[in-house]
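Colleague: Okay, so here is target_3.txt, and as you'll see once you scroll down, it has compact mmCIF, C-alpha atoms.
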```txt
# COMPACT_ATOMS: atom_id res chain seq x y z
CA MET C 1 122.79 131.75 90.34
CA THR C 2 124.35 133.77 87.59
CA PRO C 3 127.82 132.70 86.50
CA ASP C 4 130.41 135.51 86.29
CA ALA C 5 128.08 138.17 87.68
CA GLY C 6 129.27 141.57 88.76
CA GLY C 7 128.20 144.33 91.13
CA VAL C 8 124.88 143.80 92.87
CA ASP C 9 124.41 140.36 91.41
CA ALA C 10 127.67 139.17 92.91
CA VAL C 11 126.67 140.47 96.36
CA ILE C 12 123.27 138.84 96.12
CA ASP C 13 124.80 135.58 95.00
CA ALA C 14 127.30 135.65 97.84
CA LEU C 15 124.52 136.34 100.36
CA THR C 16 122.46 133.52 98.86
CA ALA C 17 125.38 131.14 99.15
CA VAL C 18 125.89 132.07 102.81
CA PHE C 19 122.20 131.64 103.60
CA LEU C 20 122.01 128.31 101.79
CA VAL C 21 125.02 126.89 103.59
CA LEU C 22 123.81 128.19 106.97
CA GLY C 23 120.35 126.80 106.30
CA ALA C 24 121.80 123.39 105.54
CA LEU C 25 123.98 123.62 108.66
CA MET C 26 120.85 124.20 110.73
CA SER C 27 119.57 120.78 109.66
CA LEU C 28 122.91 119.38 110.75
CA THR C 29 122.53 121.21 114.08
CA ALA C 30 119.18 119.55 114.60
CA THR C 31 120.70 116.15 113.94
CA ILE C 32 123.68 116.76 116.22
CA GLY C 33 121.34 117.79 119.01
CA LEU C 34 119.17 114.77 118.31
CA LEU C 35 122.13 112.43 118.58
CA ARG C 36 123.89 113.98 121.53
CA PHE C 37 121.26 115.04 124.03
CA PRO C 38 120.50 112.46 126.68
CA ASP C 39 116.73 112.73 127.04
CA LEU C 40 113.65 113.19 124.91
CA MET C 41 112.81 116.68 126.09
CA SER C 42 116.23 118.14 125.27
CA ARG C 43 116.10 116.42 121.90
CA MET C 44 112.80 118.14 121.30
CA HIS C 45 114.45 121.52 121.68
CA ALA C 46 117.09 120.40 119.21
CA ALA C 47 114.55 119.11 116.71
CA THR C 48 112.29 122.15 116.59
CA LYS C 49 114.32 125.32 116.84
CA PRO C 50 117.00 124.84 114.18
CA GLN C 51 114.33 123.66 111.71
CA VAL C 52 112.50 126.95 111.90
CA LEU C 53 115.63 129.04 111.48
CA GLY C 54 116.90 126.76 108.72
CA LEU C 55 113.75 127.10 106.66
CA PHE C 56 113.80 130.86 107.24
CA LEU C 57 117.32 131.16 105.87
CA LEU C 58 116.55 128.97 102.87
CA LEU C 59 113.39 130.92 102.06
CA VAL C 60 115.30 134.20 102.23
CA ALA C 61 117.82 132.69 99.81
CA ILE C 62 114.99 131.77 97.42
CA GLY C 63 113.58 135.28 97.71
CA LEU C 64 116.96 136.82 96.95
CA GLN C 65 117.39 134.66 93.89
CA MET C 66 113.93 135.09 92.40
CA ARG C 67 114.04 138.91 92.44
CA GLN C 68 110.32 139.42 92.00
CA TRP C 69 108.33 141.19 94.65
CA TRP C 70 105.39 138.79 94.68
CA VAL C 71 107.64 135.96 95.80
CA TRP C 72 108.00 137.42 99.28
CA PRO C 73 104.37 137.07 100.43
CA VAL C 74 104.42 133.49 99.17
CA LEU C 75 107.55 132.77 101.16
CA VAL C 76 106.16 134.48 104.25
CA VAL C 77 103.04 132.31 104.03
CA ALA C 78 105.21 129.20 103.78
CA TRP C 79 107.23 130.26 106.83
CA ILE C 80 104.19 131.22 108.88
CA PHE C 81 102.73 127.78 108.22
CA GLN C 82 105.83 126.34 109.78
CA LEU C 83 105.77 128.80 112.68
CA LEU C 84 102.22 127.72 113.44
CA THR C 85 102.70 123.98 113.13
CA VAL C 86 106.11 123.36 114.70
CA PRO C 87 105.31 124.52 118.26
CA VAL C 88 102.08 122.53 118.26
CA SER C 89 103.69 119.26 117.21
CA ALA C 90 106.57 119.85 119.62
CA HIS C 91 104.07 120.47 122.40
CA MET C 92 102.11 117.32 121.57
CA VAL C 93 105.23 115.18 121.49
CA GLY C 94 106.49 116.79 124.70
CA ARG C 95 103.21 116.28 126.47
CA ALA C 96 103.08 112.63 125.46
CA GLY C 97 106.71 112.33 126.51
CA TYR C 98 106.03 113.78 129.93
CA ARG C 99 102.99 111.61 130.47
CA THR C 100 104.75 108.44 129.47
CA LYS C 101 107.63 109.49 131.73
CA HIS C 102 110.23 109.64 129.04
CA LEU C 103 112.01 112.32 130.90
CA HIS C 104 114.78 111.53 133.24
CA PRO C 105 113.98 112.96 136.65
CA GLU C 106 117.66 113.03 137.57
CA LEU C 107 118.22 115.54 134.77
CA LEU C 108 115.62 117.93 136.12
CA SER C 109 116.50 120.57 138.66
CA VAL C 110 112.95 121.78 139.16
CA ASP C 111 109.75 119.91 138.33
CA GLU C 112 106.64 121.79 139.26
CA LEU C 113 104.31 119.77 137.08
CA GLU C 114 104.90 116.50 138.90
CA ALA C 115 103.23 117.70 142.09
CA VAL C 116 100.19 118.79 140.12
CA VAL C 117 99.97 115.44 138.37
CA ARG C 118 100.27 113.55 141.63
CA ARG C 119 97.69 115.69 143.37
CA SER C 120 95.25 115.16 140.54
CA ALA C 121 95.79 111.40 140.60
CA ASN C 122 95.24 111.15 144.36
CA ASP C 123 92.08 113.19 144.27
CA PRO C 124 89.21 110.72 144.15
CA GLY C 125 86.37 113.03 143.21
CA GLU C 126 86.83 114.23 139.69
CA PRO C 127 84.74 117.25 138.90
CA GLY C 128 82.31 117.03 136.04
CA SER C 129 82.49 119.35 133.13
CA ALA C 130 79.89 121.68 134.61
CA VAL C 131 81.98 122.17 137.73
CA GLU C 132 85.01 122.81 135.62
CA LEU C 133 83.16 125.44 133.67
CA ASP C 134 82.31 127.12 136.96
CA ASN C 135 85.96 127.19 137.84
CA VAL C 136 86.79 128.73 134.52
CA LEU C 137 84.18 131.40 134.90
CA GLY C 138 84.99 132.08 138.50
CA LEU C 139 88.63 132.42 137.81
CA GLY C 140 88.09 135.15 135.30
CA GLU C 141 87.39 137.45 138.21
CA THR C 142 89.53 136.12 141.04
CA GLY C 143 92.77 136.13 139.13
CA ASP C 144 95.88 134.08 139.61
CA GLY C 145 96.51 131.57 142.28
CA ALA C 146 93.19 131.71 144.07
CA LEU C 147 92.02 128.45 142.59
CA ARG C 148 95.39 126.87 142.16
CA GLY C 149 94.21 123.77 143.97
CA THR C 150 91.87 122.94 141.14
CA ALA C 151 94.59 123.01 138.55
CA GLY C 152 95.31 119.34 138.86
CA GLN C 153 91.72 118.32 138.57
CA ASN C 154 91.28 120.25 135.41
CA LEU C 155 94.44 118.85 133.97
CA ASP C 156 93.04 115.47 134.73
CA ASP C 157 89.75 116.15 133.11
CA ARG C 158 90.62 116.15 129.48
CA GLY C 159 89.78 112.54 128.96
CA ASP C 160 92.94 111.31 127.36
CA GLY C 161 94.29 108.80 129.75
CA ARG C 162 96.06 111.26 131.94
CA GLY C 163 94.73 110.10 135.27
CA ASP C 164 96.56 106.81 135.12
CA GLN C 165 99.89 108.52 135.38
CA GLY C 166 100.20 109.16 139.04
CA GLU C 167 99.59 105.62 140.21
CA SER C 168 102.98 104.38 139.23
CA LYS C 169 104.48 107.64 140.35
CA GLY C 170 103.07 107.88 143.84
CA MET W 1 130.14 129.21 93.11
CA LYS W 2 126.93 127.41 92.30
CA ASP W 3 128.67 124.06 92.21
CA VAL W 4 130.54 124.71 95.45
CA VAL W 5 127.31 125.66 97.25
CA LEU W 6 125.53 122.62 95.87
CA ILE W 7 128.29 120.25 96.92
CA VAL W 8 128.67 121.73 100.40
CA THR W 9 124.94 121.70 101.11
CA ALA W 10 124.57 118.22 99.66
CA VAL W 11 127.30 116.87 101.93
CA VAL W 12 125.90 118.66 104.99
CA LEU W 13 122.37 117.47 104.35
CA THR W 14 123.53 113.92 103.69
CA VAL W 15 125.39 113.80 106.99
CA ALA W 16 122.36 115.30 108.75
CA ALA W 17 120.00 112.79 107.16
CA ALA W 18 122.30 109.93 108.13
CA GLY W 19 122.30 111.17 111.72
CA ALA W 20 118.55 111.42 111.78
CA ILE W 21 118.26 107.89 110.41
CA VAL W 22 120.62 106.66 113.12
CA ARG W 23 118.34 108.24 115.71
CA ILE W 24 115.32 106.60 114.08
CA ALA W 25 117.10 103.26 114.28
CA VAL W 26 118.41 103.44 117.84
CA GLY W 27 115.90 105.86 119.37
CA PRO W 28 114.88 104.19 122.60
CA SER W 29 111.26 105.24 122.42
CA LEU W 30 108.64 105.72 119.76
CA LEU W 31 108.57 109.45 120.45
CA ASP W 32 112.29 109.73 119.74
CA ARG W 33 111.67 108.11 116.40
CA VAL W 34 108.80 110.45 115.62
CA LEU W 35 111.01 113.41 116.44
CA ALA W 36 113.83 112.10 114.29
CA SER W 37 111.54 111.43 111.34
CA ASP W 38 110.24 114.96 111.70
CA VAL W 39 113.81 116.18 111.41
CA LEU W 40 114.32 113.92 108.39
CA LEU W 41 111.26 115.48 106.78
CA GLY W 42 112.75 118.88 107.49
CA ILE W 43 115.96 117.84 105.78
CA VAL W 44 114.02 116.75 102.69
CA GLY W 45 112.30 120.14 102.78
CA ALA W 46 115.67 121.87 103.03
CA ALA W 47 116.86 119.97 99.97
CA LEU W 48 113.79 121.08 98.03
CA ALA W 49 114.33 124.69 99.11
CA ILE W 50 117.98 124.63 98.09
CA ASP W 51 117.04 123.25 94.68
CA MET W 52 114.55 126.09 94.27
CA ALA W 53 117.07 128.76 95.27
CA VAL W 54 119.88 127.44 93.09
CA ASN W 55 117.77 126.79 89.99
CA ARG W 56 115.48 129.78 90.49
CA HIS W 57 112.04 128.27 90.40
CA LEU W 58 109.17 127.94 92.83
CA ASN W 59 107.74 124.61 91.74
CA ASN W 60 108.48 122.89 95.03
CA LEU W 61 107.24 125.61 97.35
CA PHE W 62 103.89 124.07 98.05
CA LEU W 63 105.38 120.65 98.26
CA LEU W 64 107.40 122.24 101.07
CA VAL W 65 104.28 123.55 102.80
CA ALA W 66 102.60 120.19 102.34
CA LEU W 67 105.62 118.48 103.90
CA THR W 68 105.36 120.77 106.93
CA LEU W 69 101.69 119.98 107.33
CA ILE W 70 102.22 116.24 106.88
CA GLY W 71 104.94 116.28 109.50
CA PHE W 72 102.63 118.20 111.81
CA ILE W 73 99.70 115.83 111.39
CA GLY W 74 101.97 112.82 111.67
CA SER W 75 103.64 113.78 114.91
CA VAL W 76 100.44 115.02 116.53
CA THR W 77 98.65 111.78 115.67
CA VAL W 78 101.45 109.58 116.95
CA ALA W 79 101.83 111.67 120.10
CA ARG W 80 98.16 111.25 120.96
CA PHE W 81 98.23 107.57 120.17
CA VAL W 82 101.25 107.02 122.41
CA ALA W 83 99.68 108.92 125.28
CA ASP W 84 96.52 106.86 125.04
CA ARG W 85 98.15 103.49 124.82
CA ARG W 86 100.60 104.12 127.62
CA GLY W 87 97.74 105.24 129.82
CA GLN W 88 95.92 101.98 129.34
CA ALA W 89 99.08 99.96 129.77
CA ASN W 90 99.57 101.54 133.18
CA ASP W 91 96.08 100.43 134.12
CA SER W 92 96.72 96.77 133.73
CA MET N 1 73.05 126.95 112.50
CA SER N 2 71.90 128.31 115.79
CA ARG N 3 74.99 130.30 116.57
CA LYS N 4 74.74 134.00 116.25
CA PRO N 5 76.46 135.37 113.18
CA ILE N 6 79.96 136.71 113.57
CA SER N 7 80.50 140.34 112.85
CA LEU N 8 82.64 141.19 109.86
CA ARG N 9 85.09 143.03 112.09
CA THR N 10 85.93 139.92 114.10
CA GLU N 11 86.34 137.97 110.91
CA LEU N 12 88.47 140.50 109.11
CA PRO N 13 91.91 139.15 110.14
CA LEU N 14 90.86 135.66 109.11
CA LEU N 15 89.59 136.93 105.77
CA ILE N 16 92.78 138.88 105.10
CA TRP N 17 94.85 135.81 105.91
CA LEU N 18 92.73 133.66 103.58
CA VAL N 19 93.12 136.18 100.76
CA ILE N 20 96.89 136.27 101.24
CA VAL N 21 97.04 132.48 101.15
CA TRP N 22 94.85 132.48 98.03
CA GLY N 23 97.14 134.95 96.30
CA ALA N 24 100.17 132.97 97.39
CA LEU N 25 98.72 129.73 96.07
CA TRP N 26 98.02 131.27 92.66
CA ARG N 27 101.24 133.27 92.83
CA ASP N 28 99.22 136.13 91.46
CA PHE N 29 98.58 139.28 93.48
CA SER N 30 96.69 141.16 90.79
CA PRO N 31 93.60 143.02 92.05
CA GLY N 32 91.17 140.84 90.11
CA ASN N 33 92.56 137.64 91.59
CA LEU N 34 92.57 139.11 95.09
CA LEU N 35 88.96 140.23 94.70
CA PHE N 36 87.94 136.75 93.61
CA GLY N 37 89.92 135.35 96.53
CA ALA N 38 88.12 137.69 98.93
CA LEU N 39 84.81 136.45 97.56
CA ILE N 40 85.80 132.84 98.09
CA ALA N 41 87.14 133.66 101.55
CA LEU N 42 83.77 135.17 102.49
CA VAL N 43 81.88 132.12 101.22
CA VAL N 44 84.27 129.71 102.95
CA ALA N 45 84.07 131.64 106.23
CA ARG N 46 80.27 131.53 106.05
CA ILE N 47 79.93 127.86 105.17
CA PHE N 48 82.71 126.31 107.21
CA TYR N 49 81.76 127.82 110.48
CA LEU N 50 84.41 127.73 113.17
CA PRO N 51 84.13 129.13 116.66
CA PRO N 52 85.30 132.70 116.32
CA VAL N 53 88.65 133.61 117.78
CA GLU N 54 88.07 136.28 120.37
CA LEU N 55 90.22 139.13 119.22
CA SER N 56 90.63 142.13 121.41
CA GLY N 57 90.00 144.56 118.58
CA ARG N 58 93.25 146.41 118.99
CA PHE N 59 96.58 145.80 117.36
CA ASN N 60 99.53 148.02 118.01
CA VAL N 61 101.80 147.99 114.99
CA LEU N 62 104.42 150.18 116.68
CA ARG N 63 104.86 147.53 119.33
CA ALA N 64 104.54 144.63 116.90
CA VAL N 65 107.47 145.51 114.67
CA PRO N 66 110.14 145.62 117.43
CA PHE N 67 108.60 142.51 118.96
CA ALA N 68 108.88 140.69 115.63
CA LEU N 69 112.51 141.76 115.23
CA VAL N 70 113.40 140.67 118.74
CA PHE N 71 111.54 137.42 118.11
CA LEU N 72 113.57 136.82 114.96
CA ALA N 73 116.80 137.47 116.83
CA LYS N 74 115.69 135.04 119.52
CA VAL N 75 114.90 132.36 116.93
CA VAL N 76 118.46 132.72 115.67
CA ALA N 77 119.80 132.64 119.23
CA ALA N 78 117.77 129.51 119.97
CA SER N 79 119.49 127.50 117.28
CA PHE N 80 122.91 128.61 118.39
CA GLN N 81 122.06 127.80 121.98
CA VAL N 82 121.14 124.29 120.92
CA ILE N 83 124.40 123.75 119.06
CA PHE N 84 126.37 125.31 121.91
CA LEU N 85 124.75 123.05 124.49
CA ALA N 86 125.05 119.98 122.32
CA VAL N 87 128.67 120.37 121.32
CA VAL N 88 130.58 122.72 123.59
CA LYS N 89 128.96 122.44 126.97
CA GLY N 90 128.65 118.72 126.70
CA PRO N 91 125.49 116.84 125.94
CA LYS N 92 124.59 116.35 129.59
CA VAL N 93 122.21 119.19 130.32
CA VAL N 94 120.13 119.82 133.40
CA ASN N 95 116.56 120.82 132.64
CA ALA N 96 113.52 121.88 134.57
CA VAL N 97 109.76 121.93 134.27
CA VAL N 98 108.55 125.25 135.57
CA GLU N 99 105.04 126.38 136.31
CA VAL N 100 104.27 129.88 135.10
CA PRO N 101 100.88 131.50 135.67
CA LEU N 102 99.94 133.93 132.92
CA ARG N 103 98.10 137.20 133.39
CA SER N 104 95.74 136.84 130.50
CA HIS N 105 92.92 134.34 130.37
CA SER N 106 92.04 134.64 126.72
CA ASP N 107 92.71 131.55 124.65
CA LEU N 108 94.31 133.54 121.90
CA MET N 109 96.82 135.14 124.22
CA VAL N 110 97.75 131.85 125.91
CA THR N 111 98.18 130.20 122.51
CA ALA N 112 100.26 133.04 121.13
CA THR N 113 102.46 133.08 124.22
CA GLY N 114 102.94 129.33 123.99
CA HIS N 115 103.88 129.53 120.33
CA VAL N 116 106.39 132.30 120.86
CA LEU N 117 107.85 130.51 123.87
CA SER N 118 108.32 127.30 121.94
CA LEU N 119 110.45 129.13 119.40
CA ILE N 120 112.68 131.24 121.62
CA PRO N 121 115.79 129.84 123.34
CA GLY N 122 115.45 127.23 125.99
CA SER N 123 111.74 126.91 126.55
CA LEU N 124 109.07 124.52 125.38
CA VAL N 125 105.48 124.24 126.51
CA VAL N 126 104.81 120.83 128.03
CA GLU N 127 101.38 121.29 129.49
CA VAL N 128 98.73 123.96 129.47
CA ASP N 129 96.10 124.40 132.13
CA ARG N 130 93.45 126.34 130.37
CA SER N 131 91.24 127.05 133.36
CA THR N 132 93.95 128.85 135.30
CA SER N 133 95.89 129.76 132.13
CA THR N 134 99.03 128.30 133.58
CA LEU N 135 101.81 127.12 131.33
CA TYR N 136 104.16 124.33 132.34
CA ILE N 137 107.39 125.11 130.55
CA HIS N 138 110.25 122.74 129.95
CA GLY N 139 113.41 124.80 130.17
CA LEU N 140 116.67 123.67 128.64
CA ASP N 141 119.77 124.15 130.77
CA ILE N 142 118.05 125.29 133.96
CA ARG N 143 120.39 124.26 136.73
CA ASP N 144 119.02 125.96 139.82
CA GLU N 145 116.27 128.09 141.21
CA ALA N 146 117.87 131.30 139.89
CA ASP N 147 117.75 130.01 136.32
CA ALA N 148 114.15 128.95 136.84
CA ALA N 149 113.30 132.44 138.05
CA GLY N 150 114.94 133.82 134.93
CA LEU N 151 112.82 131.52 132.79
CA ARG N 152 109.65 132.64 134.60
CA LYS N 153 110.56 136.24 134.02
CA GLU N 154 111.22 135.56 130.36
CA VAL N 155 107.80 133.94 129.98
CA GLN N 156 106.02 136.79 131.69
CA ASP N 157 107.93 139.39 129.68
CA THR N 158 106.93 137.61 126.48
CA GLU N 159 103.33 137.68 127.56
CA ALA N 160 103.60 141.35 128.50
CA GLY N 161 104.94 142.10 125.03
CA LEU N 162 102.04 140.26 123.43
CA ILE N 163 99.52 142.04 125.64
CA ARG N 164 100.98 145.36 124.59
CA ILE N 165 100.54 144.33 120.96
CA MET N 166 97.09 142.80 120.99
CA GLY N 167 95.74 142.41 124.49
CA THR N 168 92.38 143.76 125.52
CA LYS N 169 92.21 147.15 127.16
CA ALA N 170 91.55 145.56 130.54
CA GLU N 171 94.63 143.38 130.27
CA LEU N 172 96.68 146.33 129.19
CA ALA N 173 95.47 148.42 132.12
CA ALA N 174 96.32 145.62 134.54
CA LEU N 175 99.76 145.34 133.02
CA GLU N 176 100.33 149.07 133.26
CA ALA N 177 99.27 149.09 136.88
CA GLU N 178 101.65 146.25 137.59
CA THR N 179 104.64 147.83 135.90
CA ALA N 180 103.88 151.38 136.98
CA PRO N 181 105.97 151.53 140.19
CA PRO N 182 109.37 150.67 138.68
CA ARG N 183 109.06 152.82 135.58
CA ALA N 184 106.61 155.41 134.40
CA ALA N 185 103.61 153.94 132.64
CA THR N 186 103.97 154.32 128.91
CA LYS N 187 101.08 156.18 127.45
CA GLY N 188 100.07 156.60 123.88
CA GLU N 189 98.57 153.14 123.30
CA THR N 190 95.96 153.86 120.72
CA PRO N 191 93.34 151.19 120.40
```
For the structure just supplied, provide its representation as structure tokens.

Modeller:
Amino acid sequence: MTPDAGGVDAVIDALTAVFLVLGALMSLTATIGLLRFPDLMSRMHAATKPQVLGLFLLLVAIGLQMRQWWVWPVLVVAWIFQLLTVPVSAHMVGRAGYRTKHLHPELLSVDELEAVVRRSANDPGEPGSAVELDNVLGLGETGDGALRGTAGQNLDDRGDGRGDQGESKG
Amino acid sequence: MKDVVLIVTAVVLTVAAAGAIVRIAVGPSLLDRVLASDVLLGIVGAALAIDMAVNRHLNNLFLLVALTLIGFIGSVTVARFVADRRGQANDS
Amino acid sequence: MSRKPISLRTELPLLIWLVIVWGALWRDFSPGNLLFGALIALVVARIFYLPPVELSGRFNVLRAVPFALVFLAKVVAASFQVIFLAVVKGPKVVNAVVEVPLRSHSDLMVTATGHVLSLIPGSLVVEVDRSTSTLYIHGLDIRDEADAAGLRKEVQDTEAGLIRIMGTKAELAALEAETAPPRAATKGETP
């Protein structure tokens, strides 16, 4: 930041200062959410969303301060990397959290996944991969809902310890 | 101006980091801790970004990207590991 | 390598992305450097063979720009929703896991929808059923069935927006047919 700047520089510096402080506050938001929310899933919302906005604000501040055009594509690449990775890691943590039942059922008003999980666990005959492929291909034409009954089986079929879930649930 | 911004952001980030560390310490489950350490990594990234903006350089930018990727790989790995182990634990 | 070679057209977005990353890494967007980057991108794409992403071949920039702006606004709103729920409305929130069937069955579209959903207020993808392309969304602050219906609508609207940007023609036609009765079908989608 330029000391005693005037005109445009002063405006840019003021904007930078606002973005930097807001960006830092977003980290604080994430932490507050992390500390205050009662269950893992809500905390996940708190951990992911402010991070993305915070980095965006900080990168804009860097771009404003550098004042060279080639900085912007670099910053966009950095932000897109975060946009691509954050939802995936949040999804993986959330999925593991759901499967290990780290979510409090009393805090849920609607849970439409539980029925699917239970159905898949109670179904003795698990389809092989060839059958599943048939379902995939068949569904391309029949559209939504027609094969809803197979949803659970396919969920179950990914080979990562999912099937064990329902036993303690049912 | 520069000093004020630096002090304010430093205080905010310190408080945020302290909160994240508290969550890592008390977090009832492993996944809570993973989440909190992800946030802590984000706070470190924010500090790097603020340093870049205030001192006008880009030396840390790819450290920042690397941090994002490390956080990603870390949480995905742990999430898979947790899912697997819990599954087997339910078996026995 | 027994797989059939990928056409340059399918690979083009990947190559452009690789060139941009190359330029960003060198912090040098001069033509010579970009050309060298393009060369390396071609070689890398040929040697490190990944299953091609099935692009639809159309990309509507006129739809993409407003979508991106709305997305940005929603990212901002998401953070403020989190702080509002955590501090003002009290930390006790009621959530829901909602099942939302998507229209599209292409992997790219399901992935893109999931990514966008994870970043906009109050939704997070918990589970994906690829065969029926159904998303199981964890919604923050969903107290009753009406809120859940709102979340479902939000998800489907997001997907509709993405289909309008880069869905296949078939998906677009299905979407138009579906939305035709309430409002006149918007023409002028150039592939």

Colleague: Tell me as a count of residues only which residues belonging to chain W come within 7 Å of chain C, counting only C-alpha atoms.

Modeller: 36

Colleague: Using all atoms listed in the file, which of N:Asp141, N:Glu99, N:Glu154, N:Glu176 sits nearest chain C?

Modeller: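 Of N:Asp141, N:Glu99, N:Glu154, N:Glu176, the one nearest chain C is N:Glu99, counting all atoms listed in the file.
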
Colleague: Calculate how many Å separate CA of Leu108 (chain C) from CA of Val97 (chain N), rounding to one decimal.

Modeller: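 Distance reported for this atom pair: 7.3 Å.
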
Colleague: Mind giving me the straight-line distance from CA of Arg27 (chain N) to CA of Ala41 (chain N) in Å, one decimal?

Modeller: 16.6 Å

Colleague: Near Glu145 (chain N), within 10 Å and counting all atoms listed in the file, which residues show up once chain neighbours fewer than 6 positions away are dropped, as a PyMOL selection string?

Modeller: (chain C and resi 109-110) or (chain N and resi 96+98+151)

Colleague: Can you tell me how far CA of Ala66 (chain W) sits from CA of Thr113 (chain N), in Å to one decimal?

Modeller: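 Distance reported for this atom pair: 25.4 Å.
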
Colleague: Taking only residues of chain N that have an atom at most 12 Å from an atom of chain W, what is each one's shortest atom pair and its distance in Å to one decimal, using only C-alpha atoms, in chain and number order, as JSON lines?

Modeller:
```
{"residue": "N:Val21", "atom": "CA", "partner": "W:Phe62", "partner_atom": "CA", "distance": 11.3}
{"residue": "N:Ala24", "atom": "CA", "partner": "W:Phe62", "partner_atom": "CA", "distance": 9.7}
{"residue": "N:Leu25", "atom": "CA", "partner": "W:Phe62", "partner_atom": "CA", "distance": 7.9}
{"residue": "N:Trp26", "atom": "CA", "partner": "W:Phe62", "partner_atom": "CA", "distance": 10.7}
{"residue": "N:Arg27", "atom": "CA", "partner": "W:Leu58", "partner_atom": "CA", "distance": 9.6}
```

Colleague: When distances are computed from all atoms listed in the file, which of W:Met1, W:Ala10, W:Leu30, W:Leu63 shows the smallest separation from Val78 (chain W)?

Modeller: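 Of W:Met1, W:Ala10, W:Leu30, W:Leu63, the one nearest Val78 (chain W), counting all atoms listed in the file, is W:Leu30.
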
Colleague: Considering all atoms listed in the file, return as an NGL selection string whatever protein or nucleic-acid residues lie within 10 Å of Arg152 (chain N), sequence-local ones (same chain, fewer than 5 positions apart) excluded.

Modeller: :N and (98-102 or 137 or 139 or 146-147 or 157-158)

Colleague: Extract, using all atoms listed in the file, all DNA, RNA and protein residues at most 6 Å from region 160-174 of chain N, discarding same-chain residues fewer than 5 positions from it, and format them as an MDAnalysis selection string.

Modeller: chainID N and resid 56 58:60 63:64

Colleague: Any chance you could export the current selection's C-alpha atoms as a JSON list (two decimals), keeping the file's coordinate frame?

Modeller:
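What follows is the written file selection23.json:
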```json
[["chain", "number", "residue", "atom", "x", "y", "z"],
["N", 56, "SER", "CA", 90.63, 142.13, 121.41],
["N", 58, "ARG", "CA", 93.25, 146.41, 118.99],
["N", 59, "PHE", "CA", 96.58, 145.80, 117.36],
["N", 60, "ASN", "CA", 99.53, 148.02, 118.01],
["N", 63, "ARG", "CA", 104.86, 147.53, 119.33],
["N", 64, "ALA", "CA", 104.54, 144.63, 116.90]]
```

Colleague: When distances are computed from only C-alpha atoms, which of C:Asp111, C:Lys49, C:Ala10, C:Phe37 shows the smallest separation from Val76 (chain N)?

Modeller: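 Comparing C:Asp111, C:Lys49, C:Ala10, C:Phe37 against Val76 (chain N), the winner is C:Lys49.
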
Colleague: For Val76 (chain C), which of C:Val8, C:Phe56, C:Glu114, C:Ser42 is the closest residue, counting all atoms listed in the file?

Modeller: C:Phe56

Colleague: Since the input is missing atoms, can you rebuild N, CA and C atoms for region 18-29 of chain W and write them as a PDB file, in the coordinates of the input?

Modeller:
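Here's the written file result03.pdb:
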```
ATOM      1  N   ALA W  18     121.771 111.178 107.574  1.00  0.00           N
ATOM      2  CA  ALA W  18     122.300 109.930 108.130  1.00  0.00           C
ATOM      3  C   ALA W  18     122.147 109.932 109.651  1.00  0.00           C
ATOM      4  N   GLY W  19     122.463 111.088 110.274  1.00  0.00           N
ATOM      5  CA  GLY W  19     122.300 111.170 111.720  1.00  0.00           C
ATOM      6  C   GLY W  19     120.871 110.956 112.157  1.00  0.00           C
ATOM      7  N   ALA W  20     119.955 111.578 111.421  1.00  0.00           N
ATOM      8  CA  ALA W  20     118.550 111.420 111.780  1.00  0.00           C
ATOM      9  C   ALA W  20     118.128 109.963 111.647  1.00  0.00           C
ATOM     10  N   ILE W  21     118.626 109.301 110.606  1.00  0.00           N
ATOM     11  CA  ILE W  21     118.260 107.890 110.410  1.00  0.00           C
ATOM     12  C   ILE W  21     118.829 107.036 111.542  1.00  0.00           C
ATOM     13  N   VAL W  22     120.059 107.387 111.983  1.00  0.00           N
ATOM     14  CA  VAL W  22     120.620 106.660 113.120  1.00  0.00           C
ATOM     15  C   VAL W  22     119.708 106.802 114.330  1.00  0.00           C
ATOM     16  N   ARG W  23     119.216 108.040 114.558  1.00  0.00           N
ATOM     17  CA  ARG W  23     118.340 108.240 115.710  1.00  0.00           C
ATOM     18  C   ARG W  23     117.027 107.464 115.539  1.00  0.00           C
ATOM     19  N   ILE W  24     116.538 107.390 114.309  1.00  0.00           N
ATOM     20  CA  ILE W  24     115.320 106.600 114.080  1.00  0.00           C
ATOM     21  C   ILE W  24     115.598 105.141 114.412  1.00  0.00           C
ATOM     22  N   ALA W  25     116.788 104.674 114.052  1.00  0.00           N
ATOM     23  CA  ALA W  25     117.100 103.260 114.280  1.00  0.00           C
ATOM     24  C   ALA W  25     117.299 102.954 115.760  1.00  0.00           C
ATOM     25  N   VAL W  26     118.086 103.796 116.457  1.00  0.00           N
ATOM     26  CA  VAL W  26     118.410 103.440 117.840  1.00  0.00           C
ATOM     27  C   VAL W  26     117.452 104.052 118.857  1.00  0.00           C
ATOM     28  N   GLY W  27     116.734 105.098 118.440  1.00  0.00           N
ATOM     29  CA  GLY W  27     115.900 105.860 119.370  1.00  0.00           C
ATOM     30  C   GLY W  27     115.184 104.980 120.354  1.00  0.00           C
ATOM     31  N   PRO W  28     115.431 105.156 121.654  1.00  0.00           N
ATOM     32  CA  PRO W  28     114.880 104.190 122.600  1.00  0.00           C
ATOM     33  C   PRO W  28     113.350 104.166 122.605  1.00  0.00           C
ATOM     34  N   SER W  29     112.718 105.263 122.344  1.00  0.00           N
ATOM     35  CA  SER W  29     111.260 105.240 122.420  1.00  0.00           C
ATOM     36  C   SER W  29     110.651 105.631 121.079  1.00  0.00           C
TER      37      SER W  29
END
```
